[in-house]
>>> print(open('start-v7.cif').read())   # mmCIF, C-alpha atoms
data_input
#
loop_
_atom_site.label_atom_id
_atom_site.label_comp_id
_atom_site.auth_asym_id
_atom_site.auth_seq_id
_atom_site.Cartn_x
_atom_site.Cartn_y
_atom_site.Cartn_z
CA SER A 1 -47.81 -0.62 -39.90
CA ILE A 2 -47.38 0.85 -43.38
CA LYS A 3 -48.05 -0.94 -46.66
CA PHE A 4 -46.71 0.36 -49.98
CA ARG A 5 -48.53 -0.22 -53.22
CA PRO A 6 -47.95 1.36 -56.69
CA ASN A 7 -49.29 4.91 -56.64
CA LEU A 8 -51.07 4.21 -53.34
CA LEU A 9 -50.20 4.71 -49.65
CA ILE A 10 -52.39 2.94 -47.11
CA PHE A 11 -52.12 3.29 -43.29
CA CYS A 12 -53.24 0.23 -41.33
CA PRO A 13 -53.51 0.48 -37.51
CA ALA A 14 -51.72 -2.29 -35.58
CA PRO A 15 -51.43 -3.05 -31.84
CA ALA A 16 -48.35 -1.36 -30.38
CA GLN A 17 -47.79 -4.15 -27.87
CA SER A 18 -47.52 -6.85 -30.52
CA ALA A 19 -45.01 -4.72 -32.47
CA GLU A 20 -42.80 -4.28 -29.40
CA ILE A 21 -42.84 -7.98 -28.59
CA HIS A 22 -42.00 -8.92 -32.15
CA THR A 23 -39.13 -6.40 -32.30
CA GLY A 24 -37.62 -7.54 -28.97
CA ALA A 25 -37.72 -11.19 -29.95
CA MET A 26 -36.15 -10.41 -33.30
CA PHE A 27 -33.09 -8.58 -31.89
CA ASN A 28 -32.53 -10.59 -28.64
CA LYS A 29 -32.72 -14.06 -30.10
CA GLN A 30 -29.36 -15.88 -30.12
CA THR A 31 -28.51 -18.16 -32.98
CA GLY A 32 -25.81 -20.72 -33.70
CA PHE A 33 -23.40 -22.07 -31.06
CA GLN A 34 -24.03 -19.03 -28.81
CA SER A 35 -27.63 -20.19 -28.24
CA LEU A 36 -26.30 -23.43 -26.68
CA MET A 37 -24.28 -21.60 -24.02
CA LYS A 38 -25.56 -20.13 -20.77
CA ASP A 39 -25.85 -16.39 -20.18
CA GLY A 40 -22.47 -14.67 -20.02
CA GLY A 41 -20.68 -17.35 -22.03
CA LYS A 42 -18.52 -16.27 -24.96
CA HIS A 43 -17.65 -18.10 -28.14
CA PHE A 44 -14.61 -17.25 -30.25
CA SER A 45 -14.06 -18.58 -33.75
CA GLY A 46 -10.85 -18.69 -35.72
CA VAL A 47 -7.41 -19.88 -34.69
CA ASP A 48 -5.84 -16.43 -34.49
CA GLU A 49 -8.59 -14.92 -32.35
CA THR A 50 -8.56 -17.88 -29.95
CA LEU A 51 -4.77 -17.72 -29.56
CA ILE A 52 -4.85 -14.00 -28.81
CA LYS A 53 -7.55 -14.45 -26.15
CA ASN A 54 -5.60 -17.28 -24.49
CA ILE A 55 -2.40 -15.24 -24.51
CA GLU A 56 -4.23 -12.26 -22.99
CA ALA A 57 -5.44 -14.38 -20.06
CA CYS A 58 -1.91 -15.64 -19.32
CA LYS A 59 -0.46 -12.14 -19.65
CA ASN A 60 -2.96 -10.77 -17.12
CA LEU A 61 -1.99 -13.47 -14.63
CA ALA A 62 1.72 -12.72 -15.11
CA GLN A 63 1.11 -8.99 -14.66
CA ILE A 64 -0.33 -9.65 -11.20
CA THR A 65 2.53 -11.82 -9.94
CA LYS A 66 5.66 -10.35 -11.53
CA THR A 67 5.72 -7.31 -9.20
CA SER A 68 6.23 -9.75 -6.29
CA LEU A 69 9.34 -11.32 -7.83
CA GLY A 70 12.39 -11.47 -5.56
CA PRO A 71 12.89 -10.92 -1.82
CA TYR A 72 12.03 -7.22 -2.16
CA GLY A 73 8.85 -7.82 -4.18
CA MET A 74 5.57 -6.22 -3.19
CA ASN A 75 2.92 -8.02 -1.16
CA LYS A 76 -0.57 -8.59 -2.53
CA LEU A 77 -3.86 -8.34 -0.66
CA ILE A 78 -6.13 -11.19 -1.79
CA VAL A 79 -9.74 -11.71 -0.69
CA ASN A 80 -11.08 -15.18 -1.54
CA HIS A 81 -14.69 -16.27 -2.04
CA LEU A 82 -15.09 -16.83 1.72
CA GLY A 83 -14.09 -13.26 2.52
CA GLN A 84 -10.73 -14.25 4.02
CA HIS A 85 -7.88 -11.78 3.56
CA PHE A 86 -4.36 -12.86 2.58
CA VAL A 87 -1.35 -10.53 2.49
CA THR A 88 1.46 -12.44 0.80
CA SER A 89 4.11 -12.31 -1.88
CA ASP A 90 4.10 -16.10 -2.39
CA THR A 91 2.95 -16.83 -5.93
CA ASN A 92 1.66 -20.31 -5.11
CA THR A 93 -0.69 -18.84 -2.51
CA MET A 94 -1.81 -16.13 -4.93
CA VAL A 95 -2.74 -18.43 -7.81
CA THR A 96 -4.44 -20.88 -5.42
CA GLU A 97 -6.63 -18.28 -3.71
CA MET A 98 -7.48 -16.45 -6.95
CA GLU A 99 -9.20 -19.60 -8.29
CA VAL A 100 -8.25 -19.06 -11.93
CA MET A 101 -10.94 -20.47 -14.25
CA HIS A 102 -9.56 -19.71 -17.72
CA PRO A 103 -8.32 -22.96 -19.36
CA ALA A 104 -5.12 -21.44 -20.78
CA ALA A 105 -4.25 -19.60 -17.56
CA LYS A 106 -4.89 -22.83 -15.64
CA LEU A 107 -1.93 -24.40 -17.44
CA ILE A 108 0.30 -21.67 -15.99
CA VAL A 109 -1.19 -22.33 -12.55
CA MET A 110 -0.51 -26.08 -12.91
CA ALA A 111 3.11 -25.36 -13.88
CA CYS A 112 3.44 -23.10 -10.82
CA LYS A 113 2.11 -25.80 -8.49
CA ALA A 114 4.39 -28.42 -10.04
CA GLN A 115 7.37 -26.14 -9.42
CA GLN A 116 6.27 -25.68 -5.80
CA GLN A 117 5.93 -29.44 -5.34
CA GLU A 118 9.30 -30.28 -6.89
CA CYS A 119 11.54 -27.42 -5.72
CA GLY A 120 9.55 -25.30 -3.26
CA ASP A 121 10.87 -22.11 -4.85
CA ALA A 122 10.92 -20.07 -8.09
CA THR A 123 7.13 -20.25 -8.55
CA ASN A 124 6.99 -16.56 -9.44
CA LEU A 125 9.69 -17.07 -12.05
CA VAL A 126 7.60 -19.79 -13.73
CA VAL A 127 4.50 -17.58 -14.03
CA SER A 128 6.39 -14.41 -15.01
CA PHE A 129 8.64 -16.19 -17.50
CA GLY A 130 5.69 -18.02 -19.05
CA GLY A 131 3.76 -14.78 -19.45
CA GLU A 132 6.77 -13.07 -21.02
CA LEU A 133 7.27 -15.89 -23.52
CA LEU A 134 3.61 -15.69 -24.55
CA MET A 135 3.82 -11.91 -24.88
CA ARG A 136 6.78 -12.26 -27.27
CA ALA A 137 4.91 -14.98 -29.15
CA GLU A 138 1.97 -12.62 -29.58
CA GLU A 139 4.24 -10.09 -31.32
CA LEU A 140 5.43 -12.79 -33.73
CA LEU A 141 1.87 -13.91 -34.44
CA LYS A 142 0.86 -10.36 -35.30
CA GLU A 143 3.73 -10.21 -37.77
CA GLY A 144 2.22 -13.16 -39.64
CA ILE A 145 4.40 -15.99 -38.31
CA HIS A 146 2.48 -19.22 -37.79
CA ALA A 147 2.06 -20.58 -34.26
CA VAL A 148 3.77 -23.86 -35.22
CA ASP A 149 6.88 -21.96 -36.33
CA VAL A 150 6.90 -19.98 -33.06
CA LEU A 151 6.73 -23.24 -31.10
CA LYS A 152 9.62 -24.74 -33.07
CA GLY A 153 11.67 -21.62 -32.40
CA TYR A 154 11.06 -21.87 -28.67
CA GLU A 155 12.04 -25.55 -28.70
CA LEU A 156 15.32 -24.74 -30.45
CA ALA A 157 15.97 -21.96 -27.93
CA ARG A 158 15.32 -24.36 -25.04
CA ASN A 159 17.80 -26.92 -26.37
CA LYS A 160 20.42 -24.23 -26.92
CA THR A 161 19.86 -22.82 -23.43
CA MET A 162 20.46 -26.24 -21.86
CA GLU A 163 23.80 -26.42 -23.69
CA PHE A 164 24.84 -23.09 -22.17
CA ILE A 165 23.63 -23.92 -18.65
CA GLU A 166 25.60 -27.15 -18.21
CA PRO A 167 29.09 -25.50 -18.31
CA LEU A 168 27.92 -22.74 -15.94
CA ASN A 169 27.43 -25.19 -13.06
CA VAL A 170 29.68 -23.99 -10.22
CA TRP A 171 28.67 -26.31 -7.37
CA THR A 172 26.78 -29.59 -6.87
CA CYS A 173 25.50 -31.17 -3.67
CA LYS A 174 27.15 -34.59 -3.76
CA ASP A 175 26.25 -35.85 -0.27
CA MET A 176 22.60 -35.39 0.68
CA ARG A 177 23.36 -36.60 4.21
CA SER A 178 25.84 -33.81 4.87
CA THR A 179 24.30 -31.04 6.99
CA ALA A 180 26.77 -28.44 5.69
CA GLU A 181 26.04 -29.15 2.01
CA LEU A 182 22.28 -29.38 2.57
CA GLU A 183 22.32 -26.09 4.47
CA LYS A 184 23.97 -24.42 1.51
CA CYS A 185 21.25 -25.78 -0.79
CA VAL A 186 18.21 -24.61 1.18
CA LYS A 187 19.57 -21.20 2.22
CA THR A 188 18.59 -19.49 -1.04
CA CYS A 189 15.06 -20.92 -0.90
CA ILE A 190 14.52 -19.72 2.66
CA ALA A 191 15.96 -16.28 1.86
CA SER A 192 13.13 -15.69 -0.65
CA LYS A 193 10.53 -16.26 2.10
CA GLN A 194 12.29 -15.22 5.34
CA LEU A 195 14.89 -12.64 4.39
CA GLY A 196 17.32 -11.98 7.25
CA PHE A 197 16.66 -15.30 9.03
CA GLU A 198 17.95 -17.60 6.29
CA ALA A 199 21.18 -18.53 8.12
CA PRO A 200 19.70 -19.93 11.39
CA LEU A 201 16.63 -21.40 9.71
CA ALA A 202 18.66 -23.11 6.98
CA ARG A 203 20.79 -24.83 9.61
CA LEU A 204 17.70 -26.14 11.44
CA VAL A 205 16.03 -27.31 8.22
CA ALA A 206 19.20 -29.12 7.15
CA GLN A 207 19.46 -30.90 10.52
CA ALA A 208 15.83 -32.00 10.40
CA CYS A 209 16.08 -33.23 6.80
CA VAL A 210 19.25 -35.24 7.47
CA GLN A 211 17.56 -37.02 10.40
CA VAL A 212 14.66 -38.30 8.26
CA MET A 213 16.58 -38.72 4.98
CA PRO A 214 15.71 -42.15 3.44
CA SER A 215 18.26 -44.44 1.82
CA ASN A 216 17.12 -43.10 -1.57
CA PRO A 217 17.11 -39.29 -1.31
CA SER A 218 14.77 -38.97 -4.30
CA LYS A 219 12.00 -40.58 -2.17
CA PHE A 220 12.22 -37.94 0.56
CA GLU A 221 8.82 -37.17 2.11
CA VAL A 222 8.20 -33.49 2.82
CA ASP A 223 5.61 -34.36 5.49
CA SER A 224 8.35 -36.04 7.55
CA VAL A 225 9.46 -32.58 8.72
CA ARG A 226 6.85 -30.55 10.59
CA VAL A 227 6.91 -27.06 12.08
CA THR A 228 5.32 -26.33 15.46
CA LYS A 229 4.72 -22.68 16.33
CA VAL A 230 4.92 -21.51 19.94
CA GLN A 231 3.79 -18.01 20.82
CA GLY A 232 6.47 -15.76 22.23
CA GLY A 233 10.20 -15.70 21.66
CA ASN A 234 11.89 -15.16 18.30
CA PRO A 235 13.17 -17.30 15.39
CA ASP A 236 16.64 -17.49 16.96
CA SER A 237 15.13 -19.57 19.81
CA SER A 238 14.03 -22.33 17.43
CA PHE A 239 15.50 -25.82 17.74
CA VAL A 240 15.09 -29.29 16.22
CA VAL A 241 13.32 -32.08 18.13
CA GLU A 242 14.18 -35.66 17.16
CA GLY A 243 10.75 -37.15 17.43
CA MET A 244 7.31 -35.54 17.73
CA ALA A 245 6.57 -32.21 19.38
CA ILE A 246 3.07 -31.45 20.66
CA ALA A 247 2.39 -27.78 21.35
CA ARG A 248 0.17 -28.26 24.40
CA GLY A 249 0.51 -29.11 28.06
CA PRO A 250 -0.07 -32.55 29.59
CA SER A 251 -3.53 -33.48 30.82
CA GLY A 252 -2.30 -35.32 33.93
CA VAL A 253 0.05 -34.49 36.78
CA GLU A 254 3.09 -36.07 35.14
CA THR A 255 5.09 -33.46 33.24
CA CYS A 256 8.31 -35.36 32.59
CA LYS A 257 9.07 -39.03 32.07
CA GLU A 258 12.23 -40.80 30.94
CA LYS A 259 12.36 -44.18 29.18
CA ALA A 260 8.58 -44.26 29.01
CA LYS A 261 6.40 -46.40 26.77
CA VAL A 262 4.17 -44.39 24.46
CA ALA A 263 0.82 -45.62 23.11
CA VAL A 264 -0.56 -43.97 20.00
CA TYR A 265 -4.32 -44.20 19.39
CA ALA A 266 -5.92 -43.46 16.03
CA ALA A 267 -9.26 -42.60 17.65
CA GLY A 268 -10.36 -40.45 20.54
CA ILE A 269 -10.26 -42.06 24.01
CA GLU A 270 -12.17 -39.33 25.85
CA SER A 271 -15.15 -40.48 27.87
CA GLN A 272 -18.47 -39.93 26.12
CA SER A 273 -21.12 -37.76 27.77
CA THR A 274 -23.86 -39.71 29.57
CA GLU A 275 -27.49 -39.43 28.60
#
>>> encode(input="start-v7.cif", output="structure tokens")
Amino acid sequence: SIKFRPNLLIFCPAPAQSAEIHTGAMFNKQTGFQSLMKDGGKHFSGVDETLIKNIEACKNLAQITKTSLGPYGMNKLIVNHLGQHFVTSDTNTMVTEMEVMHPAAKLIVMACKAQQQECGDATNLVVSFGGELLMRAEELLKEGIHAVDVLKGYELARNKTMEFIEPLNVWTCKDMRSTAELEKCVKTCIASKQLGFEAPLARLVAQACVQVMPSNPSKFEVDSVRVTKVQGGNPDSSFVVEGMAIARGPSGVETCKEKAKVAVYAAGIESQSTE
């Protein structure tokens, strides 16, 4: 260490190890709110900086999914935390397996899952459209427009859009128990997942939905229609079974029975192994 005095320069020897420890502690010590967070955590201050970081997270999510938009969109190879590989263009599967942790991007994921639950289609449109709206909002924020004013502008645009959409309605499904009308409704949804097989599959889906349609169509249960896969054949060989189909052979010698009584057990009835 060196000490300065008027008209005098004195050299004092000091342990090198103590100097290194003191220097490391001085520069590596975290202060303020950052010291309360675990290693790797980040803290952003200021409204503008926080908004930009949130918008960036949503934009990155939209960049991943928007290239899979439409029936000719590209597939994505996703590897989850268990090492399982998924090759899909379904946005709901993508956002579920990616396990998004960012709070702002999670809102986009929740909107995507709500769309899947309500309509079963257009999940990619929700994520891509949301990311595009936030990207345009970022440009307005950088121009000095307040976030509250941007939100009010989007609300006015939404109300105006709904006024334009209502007159553009060309067809409405009036009878939910009509197989022909229901087939027309589900054909576009199936075409986005199974392009080329939408005509035969839409007919089968419409028949199955009409059979289990409740008195109030708004209370329709999706789990009432199940799909059983049988190896071999092709989609054109599919058919609707009014009842329950079990994809396995019988355990006994009887393979066919008419007007039989069926017992359903909620627990296993197999004989337990003896000691």
>>> resolve_selection(input="start-v7.cif", expression="the PyMOL selection byres ((chain A and resi 191-205) around 7)", output="ChimeraX atom specification")
/A:70-71,183,186-190,206-209,236,239-240
>>> write_last_selection(input="start-v7.cif", atoms="C-alpha atoms", output="PDB file, keeping the file's coordinate frame")
ATOM      1  CA  GLY A  70      12.390 -11.470  -5.560  1.00  0.00           C
ATOM      2  CA  PRO A  71      12.890 -10.920  -1.820  1.00  0.00           C
ATOM      3  CA  GLU A 183      22.320 -26.090   4.470  1.00  0.00           C
ATOM      4  CA  VAL A 186      18.210 -24.610   1.180  1.00  0.00           C
ATOM      5  CA  LYS A 187      19.570 -21.200   2.220  1.00  0.00           C
ATOM      6  CA  THR A 188      18.590 -19.490  -1.040  1.00  0.00           C
ATOM      7  CA  CYS A 189      15.060 -20.920  -0.900  1.00  0.00           C
ATOM      8  CA  ILE A 190      14.520 -19.720   2.660  1.00  0.00           C
ATOM      9  CA  ALA A 206      19.200 -29.120   7.150  1.00  0.00           C
ATOM     10  CA  GLN A 207      19.460 -30.900  10.520  1.00  0.00           C
ATOM     11  CA  ALA A 208      15.830 -32.000  10.400  1.00  0.00           C
ATOM     12  CA  CYS A 209      16.080 -33.230   6.800  1.00  0.00           C
ATOM     13  CA  ASP A 236      16.640 -17.490  16.960  1.00  0.00           C
ATOM     14  CA  PHE A 239      15.500 -25.820  17.740  1.00  0.00           C
ATOM     15  CA  VAL A 240      15.090 -29.290  16.220  1.00  0.00           C
TER      16      VAL A 240
END
>>> residues_around(input="start-v7.cif", residues="Glu221 (chain A)", least_positions_apart="4", cutoff="10 Å", atoms="only C-alpha atoms", output="PyMOL selection string")
chain A and resi 209+212-214+217+225
>>> resolve_selection(input="start-v7.cif", expression="the PyMOL selection byres ((chain A and resi 147) around 12)", output="list in words")
Val47, Asp48, Thr50, Leu51, Ile52, Ile55, Leu134, Arg136, Ala137, Glu138, Glu139, Leu140, Leu141, Lys142, Glu143, Gly144, Ile145, His146, Val148, Asp149, Val150, Leu151, Lys152, Gly153 and Tyr154 of chain A
>>> atom_distance(input="start-v7.cif", atom1="CA of Ser218 (chain A)", atom2="CA of Met110 (chain A)")
21.8 Å
>>> atom_distance(input="start-v7.cif", atom1="CA of Thr88 (chain A)", atom2="CA of Met74 (chain A)")
8.5 Å
>>> atom_distance(input="start-v7.cif", atom1="CA of Glu97 (chain A)", atom2="CA of Gln84 (chain A)")
9.6 Å
>>> closest_residue(input="start-v7.cif", among="A:Thr172, A:Ser128, A:Ser178, A:Asn234", to="Cys58 (chain A)", atoms="only C-alpha atoms")
A:Ser128
>>> resolve_selection(input="start-v7.cif", expression="the PyMOL selection byres ((chain A and resi 69) around 10)", output="ChimeraX atom specification")
/A:65-68,70-75,89-91,122-125,128,192
>>> closest_residue(input="start-v7.cif", among="A:Gly268, A:Val262, A:Lys184, A:Asn159", to="Trp171 (chain A)", atoms="all atoms listed in the file")
A:Lys184
>>> residues_around(input="start-v7.cif", residues="Val126 (chain A)", least_positions_apart="6", cutoff="8 Å", atoms="all atoms listed in the file", output="ChimeraX atom specification")
/A:108,111-112,115
>>> write_last_selection(input="start-v7.cif", atoms="C-alpha atoms", output="mmCIF file, keeping the file's coordinate frame")
data_model
loop_
_atom_site.group_PDB
_atom_site.id
_atom_site.type_symbol
_atom_site.label_atom_id
_atom_site.label_comp_id
_atom_site.auth_asym_id
_atom_site.auth_seq_id
_atom_site.Cartn_x
_atom_site.Cartn_y
_atom_site.Cartn_z
ATOM 1 C CA ILE A 108 0.300 -21.670 -15.990
ATOM 2 C CA ALA A 111 3.110 -25.360 -13.880
ATOM 3 C CA CYS A 112 3.440 -23.100 -10.820
ATOM 4 C CA GLN A 115 7.370 -26.140 -9.420
#
>>> decode(input="start-v7.cif", residues="region 40-148 of chain A", atoms="C-alpha atoms", output="PDB file, in the first residue's frame")
ATOM      1  CA  GLY A  40     -29.218 -15.168 -12.269  1.00  0.00           C
ATOM      2  CA  GLY A  41     -32.204 -13.022 -11.322  1.00  0.00           C
ATOM      3  CA  LYS A  42     -32.611  -9.645 -13.002  1.00  0.00           C
ATOM      4  CA  HIS A  43     -34.254  -6.489 -11.739  1.00  0.00           C
ATOM      5  CA  PHE A  44     -35.503  -3.740 -14.051  1.00  0.00           C
ATOM      6  CA  SER A  45     -36.523  -0.307 -12.843  1.00  0.00           C
ATOM      7  CA  GLY A  46     -38.598   2.266 -14.650  1.00  0.00           C
ATOM      8  CA  VAL A  47     -41.893   1.889 -16.472  1.00  0.00           C
ATOM      9  CA  ASP A  48     -40.458   2.253 -19.968  1.00  0.00           C
ATOM     10  CA  GLU A  49     -37.686  -0.295 -19.469  1.00  0.00           C
ATOM     11  CA  THR A  50     -40.080  -2.839 -17.961  1.00  0.00           C
ATOM     12  CA  LEU A  51     -42.569  -2.426 -20.822  1.00  0.00           C
ATOM     13  CA  ILE A  52     -39.866  -2.916 -23.448  1.00  0.00           C
ATOM     14  CA  LYS A  53     -38.607  -6.096 -21.756  1.00  0.00           C
ATOM     15  CA  ASN A  54     -42.144  -7.514 -21.542  1.00  0.00           C
ATOM     16  CA  ILE A  55     -42.817  -6.695 -25.182  1.00  0.00           C
ATOM     17  CA  GLU A  56     -39.539  -8.344 -26.211  1.00  0.00           C
ATOM     18  CA  ALA A  57     -40.535 -11.601 -24.492  1.00  0.00           C
ATOM     19  CA  CYS A  58     -43.913 -11.689 -26.275  1.00  0.00           C
ATOM     20  CA  LYS A  59     -42.306 -10.824 -29.616  1.00  0.00           C
ATOM     21  CA  ASN A  60     -39.840 -13.709 -29.282  1.00  0.00           C
ATOM     22  CA  LEU A  61     -42.701 -16.131 -28.624  1.00  0.00           C
ATOM     23  CA  ALA A  62     -44.623 -14.848 -31.657  1.00  0.00           C
ATOM     24  CA  GLN A  63     -41.523 -15.143 -33.852  1.00  0.00           C
ATOM     25  CA  ILE A  64     -41.348 -18.870 -33.069  1.00  0.00           C
ATOM     26  CA  THR A  65     -44.978 -19.663 -33.868  1.00  0.00           C
ATOM     27  CA  LYS A  66     -45.881 -17.362 -36.758  1.00  0.00           C
ATOM     28  CA  THR A  67     -43.916 -19.406 -39.331  1.00  0.00           C
ATOM     29  CA  SER A  68     -46.301 -22.317 -38.611  1.00  0.00           C
ATOM     30  CA  LEU A  69     -49.416 -20.284 -39.435  1.00  0.00           C
ATOM     31  CA  GLY A  70     -51.797 -21.885 -41.934  1.00  0.00           C
ATOM     32  CA  PRO A  71     -52.073 -25.392 -43.398  1.00  0.00           C
ATOM     33  CA  TYR A  72     -48.757 -24.981 -45.239  1.00  0.00           C
ATOM     34  CA  GLY A  73     -46.863 -23.701 -42.185  1.00  0.00           C
ATOM     35  CA  MET A  74     -43.556 -25.229 -41.152  1.00  0.00           C
ATOM     36  CA  ASN A  75     -43.265 -27.886 -38.464  1.00  0.00           C
ATOM     37  CA  LYS A  76     -41.191 -27.302 -35.341  1.00  0.00           C
ATOM     38  CA  LEU A  77     -38.956 -29.794 -33.551  1.00  0.00           C
ATOM     39  CA  ILE A  78     -39.394 -29.358 -29.792  1.00  0.00           C
ATOM     40  CA  VAL A  79     -37.428 -31.203 -27.101  1.00  0.00           C
ATOM     41  CA  ASN A  80     -38.980 -30.897 -23.628  1.00  0.00           C
ATOM     42  CA  HIS A  81     -37.285 -31.228 -20.236  1.00  0.00           C
ATOM     43  CA  LEU A  82     -37.763 -35.020 -20.314  1.00  0.00           C
ATOM     44  CA  GLY A  83     -35.906 -35.343 -23.609  1.00  0.00           C
ATOM     45  CA  GLN A  84     -39.035 -36.185 -25.604  1.00  0.00           C
ATOM     46  CA  HIS A  85     -39.125 -34.975 -29.205  1.00  0.00           C
ATOM     47  CA  PHE A  86     -42.209 -33.370 -30.767  1.00  0.00           C
ATOM     48  CA  VAL A  87     -42.533 -32.499 -34.456  1.00  0.00           C
ATOM     49  CA  THR A  88     -45.676 -30.412 -34.813  1.00  0.00           C
ATOM     50  CA  SER A  89     -47.143 -27.240 -36.242  1.00  0.00           C
ATOM     51  CA  ASP A  90     -49.850 -27.004 -33.559  1.00  0.00           C
ATOM     52  CA  THR A  91     -49.282 -23.835 -31.548  1.00  0.00           C
ATOM     53  CA  ASN A  92     -51.031 -25.146 -28.436  1.00  0.00           C
ATOM     54  CA  THR A  93     -48.598 -28.071 -28.290  1.00  0.00           C
ATOM     55  CA  MET A  94     -45.642 -25.745 -28.856  1.00  0.00           C
ATOM     56  CA  VAL A  95     -46.431 -23.287 -26.068  1.00  0.00           C
ATOM     57  CA  THR A  96     -47.282 -26.141 -23.678  1.00  0.00           C
ATOM     58  CA  GLU A  97     -44.059 -28.083 -24.230  1.00  0.00           C
ATOM     59  CA  MET A  98     -41.849 -24.966 -24.240  1.00  0.00           C
ATOM     60  CA  GLU A  99     -42.868 -24.227 -20.611  1.00  0.00           C
ATOM     61  CA  VAL A 100     -42.793 -20.447 -20.938  1.00  0.00           C
ATOM     62  CA  MET A 101     -41.784 -18.836 -17.618  1.00  0.00           C
ATOM     63  CA  HIS A 102     -41.851 -15.111 -18.420  1.00  0.00           C
ATOM     64  CA  PRO A 103     -44.912 -13.481 -16.768  1.00  0.00           C
ATOM     65  CA  ALA A 104     -45.844 -11.325 -19.777  1.00  0.00           C
ATOM     66  CA  ALA A 105     -45.381 -14.165 -22.280  1.00  0.00           C
ATOM     67  CA  LYS A 106     -47.481 -16.395 -20.016  1.00  0.00           C
ATOM     68  CA  LEU A 107     -50.464 -14.132 -20.684  1.00  0.00           C
ATOM     69  CA  ILE A 108     -50.114 -14.903 -24.403  1.00  0.00           C
ATOM     70  CA  VAL A 109     -49.897 -18.613 -23.575  1.00  0.00           C
ATOM     71  CA  MET A 110     -53.068 -18.385 -21.441  1.00  0.00           C
ATOM     72  CA  ALA A 111     -54.898 -16.644 -24.296  1.00  0.00           C
ATOM     73  CA  CYS A 112     -53.752 -19.401 -26.666  1.00  0.00           C
ATOM     74  CA  LYS A 113     -55.037 -22.143 -24.358  1.00  0.00           C
ATOM     75  CA  ALA A 114     -58.355 -20.336 -23.876  1.00  0.00           C
ATOM     76  CA  GLN A 115     -58.760 -20.173 -27.658  1.00  0.00           C
ATOM     77  CA  GLN A 116     -58.005 -23.897 -27.908  1.00  0.00           C
ATOM     78  CA  GLN A 117     -60.564 -24.686 -25.208  1.00  0.00           C
ATOM     79  CA  GLU A 118     -63.320 -22.536 -26.703  1.00  0.00           C
ATOM     80  CA  CYS A 119     -62.850 -23.014 -30.461  1.00  0.00           C
ATOM     81  CA  GLY A 120     -60.183 -25.676 -30.985  1.00  0.00           C
ATOM     82  CA  ASP A 121     -58.601 -23.631 -33.768  1.00  0.00           C
ATOM     83  CA  ALA A 122     -56.852 -20.313 -34.549  1.00  0.00           C
ATOM     84  CA  THR A 123     -54.379 -20.661 -31.662  1.00  0.00           C
ATOM     85  CA  ASN A 124     -51.503 -19.566 -33.897  1.00  0.00           C
ATOM     86  CA  LEU A 125     -53.467 -16.494 -34.938  1.00  0.00           C
ATOM     87  CA  VAL A 126     -53.889 -15.479 -31.282  1.00  0.00           C
ATOM     88  CA  VAL A 127     -50.150 -15.667 -30.541  1.00  0.00           C
ATOM     89  CA  SER A 128     -49.029 -14.102 -33.833  1.00  0.00           C
ATOM     90  CA  PHE A 129     -51.625 -11.328 -33.715  1.00  0.00           C
ATOM     91  CA  GLY A 130     -50.826 -10.549 -30.083  1.00  0.00           C
ATOM     92  CA  GLY A 131     -47.108 -10.330 -30.845  1.00  0.00           C
ATOM     93  CA  GLU A 132     -47.764  -8.059 -33.820  1.00  0.00           C
ATOM     94  CA  LEU A 133     -49.931  -5.712 -31.757  1.00  0.00           C
ATOM     95  CA  LEU A 134     -47.215  -5.451 -29.117  1.00  0.00           C
ATOM     96  CA  MET A 135     -44.567  -4.819 -31.767  1.00  0.00           C
ATOM     97  CA  ARG A 136     -46.608  -1.901 -33.140  1.00  0.00           C
ATOM     98  CA  ALA A 137     -47.160  -0.645 -29.605  1.00  0.00           C
ATOM     99  CA  GLU A 138     -43.405  -0.659 -29.050  1.00  0.00           C
ATOM    100  CA  GLU A 139     -42.937   1.679 -32.024  1.00  0.00           C
ATOM    101  CA  LEU A 140     -45.496   4.091 -30.557  1.00  0.00           C
ATOM    102  CA  LEU A 141     -43.842   3.974 -27.142  1.00  0.00           C
ATOM    103  CA  LYS A 142     -40.481   4.850 -28.665  1.00  0.00           C
ATOM    104  CA  GLU A 143     -42.099   7.864 -30.309  1.00  0.00           C
ATOM    105  CA  GLY A 144     -43.059   9.169 -26.864  1.00  0.00           C
ATOM    106  CA  ILE A 145     -46.725   8.122 -26.743  1.00  0.00           C
ATOM    107  CA  HIS A 146     -47.831   6.992 -23.293  1.00  0.00           C
ATOM    108  CA  ALA A 147     -48.854   3.365 -22.772  1.00  0.00           C
ATOM    109  CA  VAL A 148     -52.324   4.432 -21.563  1.00  0.00           C
TER     110      VAL A 148
END
